[in-house]
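Engineer: Got a structure for you, upload_28.tsv, holding TSV, N, CA and C atoms.
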chain	number	residue	atom	x	y	z
S	173	MET	N	-126.38	-87.77	-50.70
S	173	MET	CA	-127.32	-86.71	-50.94
S	173	MET	C	-127.16	-85.63	-49.89
S	174	LYS	N	-126.93	-86.03	-48.64
S	174	LYS	CA	-126.79	-85.02	-47.59
S	174	LYS	C	-125.58	-84.13	-47.86
S	175	ALA	N	-124.50	-84.73	-48.35
S	175	ALA	CA	-123.30	-83.94	-48.64
S	175	ALA	C	-123.57	-82.93	-49.75
S	176	ALA	N	-124.31	-83.33	-50.78
S	176	ALA	CA	-124.63	-82.41	-51.87
S	176	ALA	C	-125.50	-81.27	-51.38
S	177	LEU	N	-126.46	-81.56	-50.50
S	177	LEU	CA	-127.30	-80.51	-49.93
S	177	LEU	C	-126.47	-79.55	-49.08
S	178	ASP	N	-125.53	-80.10	-48.30
S	178	ASP	CA	-124.65	-79.24	-47.51
S	178	ASP	C	-123.84	-78.32	-48.42
S	179	MET	N	-123.31	-78.87	-49.50
S	179	MET	CA	-122.52	-78.06	-50.42
S	179	MET	C	-123.38	-76.96	-51.05
S	180	GLN	N	-124.64	-77.27	-51.38
S	180	GLN	CA	-125.51	-76.25	-51.93
S	180	GLN	C	-125.81	-75.17	-50.89
S	181	PHE	N	-126.10	-75.59	-49.67
S	181	PHE	CA	-126.45	-74.64	-48.62
S	181	PHE	C	-125.31	-73.66	-48.35
S	182	TYR	N	-124.09	-74.18	-48.26
S	182	TYR	CA	-122.94	-73.34	-47.95
S	182	TYR	C	-122.30	-72.72	-49.18
S	183	GLY	N	-122.83	-73.00	-50.36
S	183	GLY	CA	-122.32	-72.38	-51.58
S	183	GLY	C	-121.01	-72.94	-52.07
S	184	THR	N	-120.70	-74.19	-51.70
S	184	THR	CA	-119.42	-74.78	-52.11
S	184	THR	C	-119.57	-75.82	-53.23
S	185	LEU	N	-120.79	-76.04	-53.71
S	185	LEU	CA	-121.00	-77.00	-54.80
S	185	LEU	C	-120.41	-76.43	-56.08
S	186	LYS	N	-119.41	-77.08	-56.63
S	186	LYS	CA	-118.73	-76.59	-57.82
S	186	LYS	C	-119.14	-77.34	-59.09
S	187	HIS	N	-119.52	-78.60	-58.94
S	187	HIS	CA	-119.89	-79.44	-60.09
S	187	HIS	C	-121.23	-80.11	-59.80
S	188	ASN	N	-121.90	-80.52	-60.85
S	188	ASN	CA	-123.15	-81.24	-60.68
S	188	ASN	C	-122.91	-82.56	-59.96
S	189	VAL	N	-123.83	-82.93	-59.09
S	189	VAL	CA	-123.77	-84.20	-58.37
S	189	VAL	C	-125.00	-84.99	-58.78
S	190	SER	N	-124.79	-86.17	-59.37
S	190	SER	CA	-125.89	-86.99	-59.86
S	190	SER	C	-126.12	-88.21	-58.99
S	191	VAL	N	-127.39	-88.56	-58.82
S	191	VAL	CA	-127.78	-89.78	-58.13
S	191	VAL	C	-128.66	-90.55	-59.09
S	192	GLN	N	-128.21	-91.73	-59.51
S	192	GLN	CA	-128.98	-92.55	-60.45
S	192	GLN	C	-130.03	-93.37	-59.72
S	193	GLY	N	-131.20	-93.43	-60.30
S	193	GLY	CA	-132.27	-94.22	-59.73
S	193	GLY	C	-132.56	-95.43	-60.61
S	194	GLU	N	-133.64	-96.09	-60.30
S	194	GLU	CA	-134.05	-97.26	-61.08
S	194	GLU	C	-134.82	-96.81	-62.32
S	195	ASP	N	-134.87	-97.66	-63.32
S	195	ASP	CA	-135.65	-97.43	-64.54
S	195	ASP	C	-135.30	-96.12	-65.25
S	196	GLY	N	-134.05	-95.73	-65.22
S	196	GLY	CA	-133.61	-94.55	-65.95
S	196	GLY	C	-133.85	-93.23	-65.25
S	197	GLY	N	-134.35	-93.26	-64.03
S	197	GLY	CA	-134.59	-92.03	-63.29
S	197	GLY	C	-133.30	-91.50	-62.69
S	198	TYR	N	-133.29	-90.22	-62.39
S	198	TYR	CA	-132.11	-89.63	-61.77
S	198	TYR	C	-132.47	-88.35	-61.04
S	199	LEU	N	-131.55	-87.90	-60.22
S	199	LEU	CA	-131.65	-86.67	-59.47
S	199	LEU	C	-130.29	-85.98	-59.60
S	200	VAL	N	-130.29	-84.72	-59.98
S	200	VAL	CA	-129.04	-83.99	-60.15
S	200	VAL	C	-129.10	-82.72	-59.31
S	201	PHE	N	-128.12	-82.55	-58.44
S	201	PHE	CA	-127.94	-81.29	-57.72
S	201	PHE	C	-127.06	-80.43	-58.61
S	202	PHE	N	-127.50	-79.21	-58.93
S	202	PHE	CA	-126.70	-78.39	-59.83
S	202	PHE	C	-126.59	-76.96	-59.31
S	203	LYS	N	-125.56	-76.29	-59.80
S	203	LYS	CA	-125.37	-74.87	-59.51
S	203	LYS	C	-125.62	-74.12	-60.79
S	204	GLY	N	-126.61	-73.24	-60.76
S	204	GLY	CA	-126.88	-72.37	-61.89
S	204	GLY	C	-125.96	-71.16	-61.83
S	205	LYS	N	-126.29	-70.18	-62.62
S	205	LYS	CA	-125.46	-68.98	-62.66
S	205	LYS	C	-125.40	-68.28	-61.30
S	206	ASP	N	-126.55	-68.15	-60.65
S	206	ASP	CA	-126.58	-67.46	-59.37
S	206	ASP	C	-127.42	-68.16	-58.30
S	207	ARG	N	-127.78	-69.40	-58.54
S	207	ARG	CA	-128.58	-70.15	-57.56
S	207	ARG	C	-128.40	-71.65	-57.78
S	208	TRP	N	-128.93	-72.44	-56.84
S	208	TRP	CA	-128.80	-73.88	-56.87
S	208	TRP	C	-130.14	-74.53	-57.14
S	209	GLY	N	-130.13	-75.77	-57.61
S	209	GLY	CA	-131.39	-76.44	-57.89
S	209	GLY	C	-131.25	-77.94	-58.00
S	210	LEU	N	-132.37	-78.56	-58.32
S	210	LEU	CA	-132.47	-80.00	-58.53
S	210	LEU	C	-133.08	-80.24	-59.90
S	211	ARG	N	-132.55	-81.22	-60.60
S	211	ARG	CA	-133.16	-81.69	-61.84
S	211	ARG	C	-133.59	-83.12	-61.56
S	212	LEU	N	-134.85	-83.40	-61.77
S	212	LEU	CA	-135.43	-84.71	-61.47
S	212	LEU	C	-135.96	-85.35	-62.73
S	213	SER	N	-135.85	-86.66	-62.81
S	213	SER	CA	-136.43	-87.39	-63.93
S	213	SER	C	-136.89	-88.76	-63.46
S	214	ASP	N	-138.00	-89.21	-64.02
S	214	ASP	CA	-138.47	-90.57	-63.74
S	214	ASP	C	-138.15	-91.49	-64.91
S	215	GLY	N	-137.30	-91.02	-65.82
S	215	GLY	CA	-136.95	-91.79	-67.00
S	215	GLY	C	-137.75	-91.38	-68.23
S	216	LYS	N	-138.86	-90.69	-68.02
S	216	LYS	CA	-139.71	-90.24	-69.13
S	216	LYS	C	-139.83	-88.72	-69.16
S	217	ARG	N	-140.09	-88.14	-68.01
S	217	ARG	CA	-140.24	-86.68	-67.91
S	217	ARG	C	-139.08	-86.11	-67.11
S	218	ARG	N	-138.80	-84.85	-67.36
S	218	ARG	CA	-137.71	-84.18	-66.66
S	218	ARG	C	-138.20	-82.83	-66.14
S	219	GLU	N	-137.80	-82.48	-64.94
S	219	GLU	CA	-138.23	-81.22	-64.34
S	219	GLU	C	-137.06	-80.62	-63.57
S	220	ALA	N	-136.93	-79.32	-63.59
S	220	ALA	CA	-135.90	-78.65	-62.81
S	220	ALA	C	-136.56	-77.66	-61.86
S	221	VAL	N	-136.05	-77.59	-60.65
S	221	VAL	CA	-136.55	-76.63	-59.66
S	221	VAL	C	-135.36	-75.93	-59.03
S	222	TYR	N	-135.53	-74.66	-58.75
S	222	TYR	CA	-134.49	-73.91	-58.05
S	222	TYR	C	-134.82	-73.89	-56.58
S	223	LEU	N	-133.79	-73.93	-55.75
S	223	LEU	CA	-133.96	-74.06	-54.31
S	223	LEU	C	-133.49	-72.81	-53.57
S	224	SER	N	-134.26	-72.42	-52.59
S	224	SER	CA	-133.81	-71.37	-51.67
S	224	SER	C	-133.04	-72.07	-50.54
S	225	ARG	N	-132.38	-71.30	-49.72
S	225	ARG	CA	-131.67	-71.89	-48.58
S	225	ARG	C	-132.66	-72.60	-47.66
S	226	GLN	N	-133.85	-72.04	-47.50
S	226	GLN	CA	-134.88	-72.66	-46.66
S	226	GLN	C	-135.31	-74.01	-47.25
S	227	ASP	N	-135.46	-74.08	-48.58
S	227	ASP	CA	-135.80	-75.35	-49.23
S	227	ASP	C	-134.76	-76.42	-48.93
S	228	ILE	N	-133.50	-76.04	-49.03
S	228	ILE	CA	-132.41	-76.98	-48.78
S	228	ILE	C	-132.46	-77.50	-47.34
S	229	LEU	N	-132.68	-76.59	-46.38
S	229	LEU	CA	-132.77	-77.02	-44.99
S	229	LEU	C	-133.94	-77.96	-44.77
S	230	GLU	N	-135.08	-77.70	-45.39
S	230	GLU	CA	-136.24	-78.57	-45.23
S	230	GLU	C	-136.00	-79.95	-45.83
S	231	ILE	N	-135.33	-80.02	-46.96
S	231	ILE	CA	-135.01	-81.31	-47.57
S	231	ILE	C	-134.06	-82.09	-46.67
S	232	LYS	N	-133.02	-81.41	-46.16
S	232	LYS	CA	-132.07	-82.08	-45.24
S	232	LYS	C	-132.80	-82.61	-44.01
S	233	TYR	N	-133.70	-81.82	-43.46
S	233	TYR	CA	-134.45	-82.22	-42.27
S	233	TYR	C	-135.30	-83.46	-42.58
S	234	TYR	N	-135.92	-83.49	-43.75
S	234	TYR	CA	-136.74	-84.63	-44.16
S	234	TYR	C	-135.88	-85.90	-44.32
S	235	ILE	N	-134.73	-85.75	-44.98
S	235	ILE	CA	-133.85	-86.91	-45.22
S	235	ILE	C	-133.32	-87.46	-43.91
S	236	GLU	N	-133.02	-86.58	-42.98
S	236	GLU	CA	-132.46	-87.00	-41.69
S	236	GLU	C	-133.52	-87.57	-40.76
S	237	GLY	N	-134.78	-87.62	-41.21
S	237	GLY	CA	-135.84	-88.25	-40.44
S	237	GLY	C	-136.52	-87.32	-39.46
S	238	GLY	N	-136.40	-86.02	-39.70
S	238	GLY	CA	-136.97	-85.03	-38.77
S	238	GLY	C	-138.42	-84.80	-38.93
Represent the supplied structure as structure tokens.

Structural biologist:
Amino acid sequence: MKAALDMQFYGTLKHNVSVQGEDGGYLVFFKGKDRWGLRLSDGKRREAVYLSRQDILEIKYYIEGG
């Protein structure tokens, strides 16, 4: 996940990166036409959010235990 966030932050993400969860859930890092985002699902509902560079840094900080 950290590598996908780095690729989004630096603009080098070329393909979607998926992380499979339990019970059919998933997380997808994606590149839209002009911005990056996350698609989340718990197996029943699906939601997409677009990320700013600040959002990406905050997520990385959280994952790294900051």

Engineer: For range 201-218 of chain S, work out the shell of residues within 7 Å, counting only N, CA and C atoms and skipping chain neighbours fewer than 4 positions away, then give it as a PDB file with N, CA and C atoms, keeping the file's coordinate frame.

Structural biologist:
ATOM      1  N   ALA S 176    -124.310 -83.330 -50.780  1.00  0.00           N
ATOM      2  CA  ALA S 176    -124.630 -82.410 -51.870  1.00  0.00           C
ATOM      3  C   ALA S 176    -125.500 -81.270 -51.380  1.00  0.00           C
ATOM      4  N   GLN S 180    -124.640 -77.270 -51.380  1.00  0.00           N
ATOM      5  CA  GLN S 180    -125.510 -76.250 -51.930  1.00  0.00           C
ATOM      6  C   GLN S 180    -125.810 -75.170 -50.890  1.00  0.00           C
ATOM      7  N   LEU S 185    -120.790 -76.040 -53.710  1.00  0.00           N
ATOM      8  CA  LEU S 185    -121.000 -77.000 -54.800  1.00  0.00           C
ATOM      9  C   LEU S 185    -120.410 -76.430 -56.080  1.00  0.00           C
ATOM     10  N   LYS S 186    -119.410 -77.080 -56.630  1.00  0.00           N
ATOM     11  CA  LYS S 186    -118.730 -76.590 -57.820  1.00  0.00           C
ATOM     12  C   LYS S 186    -119.140 -77.340 -59.090  1.00  0.00           C
ATOM     13  N   HIS S 187    -119.520 -78.600 -58.940  1.00  0.00           N
ATOM     14  CA  HIS S 187    -119.890 -79.440 -60.090  1.00  0.00           C
ATOM     15  C   HIS S 187    -121.230 -80.110 -59.800  1.00  0.00           C
ATOM     16  N   ASN S 188    -121.900 -80.520 -60.850  1.00  0.00           N
ATOM     17  CA  ASN S 188    -123.150 -81.240 -60.680  1.00  0.00           C
ATOM     18  C   ASN S 188    -122.910 -82.560 -59.960  1.00  0.00           C
ATOM     19  N   VAL S 189    -123.830 -82.930 -59.090  1.00  0.00           N
ATOM     20  CA  VAL S 189    -123.770 -84.200 -58.370  1.00  0.00           C
ATOM     21  C   VAL S 189    -125.000 -84.990 -58.780  1.00  0.00           C
ATOM     22  N   SER S 190    -124.790 -86.170 -59.370  1.00  0.00           N
ATOM     23  CA  SER S 190    -125.890 -86.990 -59.860  1.00  0.00           C
ATOM     24  C   SER S 190    -126.120 -88.210 -58.990  1.00  0.00           C
ATOM     25  N   VAL S 191    -127.390 -88.560 -58.820  1.00  0.00           N
ATOM     26  CA  VAL S 191    -127.780 -89.780 -58.130  1.00  0.00           C
ATOM     27  C   VAL S 191    -128.660 -90.550 -59.090  1.00  0.00           C
ATOM     28  N   GLU S 194    -133.640 -96.090 -60.300  1.00  0.00           N
ATOM     29  CA  GLU S 194    -134.050 -97.260 -61.080  1.00  0.00           C
ATOM     30  C   GLU S 194    -134.820 -96.810 -62.320  1.00  0.00           C
ATOM     31  N   ASP S 195    -134.870 -97.660 -63.320  1.00  0.00           N
ATOM     32  CA  ASP S 195    -135.650 -97.430 -64.540  1.00  0.00           C
ATOM     33  C   ASP S 195    -135.300 -96.120 -65.250  1.00  0.00           C
ATOM     34  N   GLY S 196    -134.050 -95.730 -65.220  1.00  0.00           N
ATOM     35  CA  GLY S 196    -133.610 -94.550 -65.950  1.00  0.00           C
ATOM     36  C   GLY S 196    -133.850 -93.230 -65.250  1.00  0.00           C
ATOM     37  N   GLY S 197    -134.350 -93.260 -64.030  1.00  0.00           N
ATOM     38  CA  GLY S 197    -134.590 -92.030 -63.290  1.00  0.00           C
ATOM     39  C   GLY S 197    -133.300 -91.500 -62.690  1.00  0.00           C
ATOM     40  N   TYR S 222    -135.530 -74.660 -58.750  1.00  0.00           N
ATOM     41  CA  TYR S 222    -134.490 -73.910 -58.050  1.00  0.00           C
ATOM     42  C   TYR S 222    -134.820 -73.890 -56.580  1.00  0.00           C
ATOM     43  N   LEU S 223    -133.790 -73.930 -55.750  1.00  0.00           N
ATOM     44  CA  LEU S 223    -133.960 -74.060 -54.310  1.00  0.00           C
ATOM     45  C   LEU S 223    -133.490 -72.810 -53.570  1.00  0.00           C
ATOM     46  N   SER S 224    -134.260 -72.420 -52.590  1.00  0.00           N
ATOM     47  CA  SER S 224    -133.810 -71.370 -51.670  1.00  0.00           C
ATOM     48  C   SER S 224    -133.040 -72.070 -50.540  1.00  0.00           C
TER      49      SER S 224
END

Engineer: How far is it from atom N of Ala175 in chain S to atom C of Val221 in chain S, in Å with one decimal?

Structural biologist: 17.6 Å

Engineer: Could you give me, as a list of chain:residue names, each residue of chain S that DSSP assigns to strand (DSSP E) when run on this structure's backbone?

Structural biologist: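 After running DSSP on the backbone, chain S has strand (DSSP E) at S:Val189, S:Ser190, S:Val191, S:Gln192, S:Tyr198, S:Leu199, S:Val200, S:Phe201, S:Phe202, S:Lys203, S:Trp208, S:Gly209, S:Leu210, S:Arg211, S:Leu212, S:Ser213, S:Arg218, S:Glu219, S:Ala220, S:Val221, S:Tyr222, S:Leu223.
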
Engineer: Which residue out of S:Glu219, S:Asp178, S:Ile228, S:Gly183 has the minimum interatomic distance to Tyr198 in chain S when only C-alpha atoms are used?

Structural biologist: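 Once distances to Tyr198 in chain S are computed over only C-alpha atoms, the minimum belongs to S:Glu219.
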
Engineer: Work out how far atom N of Leu199 in chain S is from atom N of Ala220 in chain S, in Å to one decimal.

Structural biologist: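 Separation of atom N of Ala220 in chain S and atom N of Leu199 in chain S: 10.7 Å.
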
Engineer: If you run DSSP on the backbone here, which positions in range 174-215 of chain S get alpha helix (DSSP H)? Please write them as a list in words.

Structural biologist: Lys174, Ala175, Ala176, Leu177, Asp178, Met179, Gln180, Phe181 and Tyr182 of chain S

Engineer: CA of Val200 in chain S and atom N of Met179 in chain S are how many Å apart?

Structural biologist: 13.1 Å
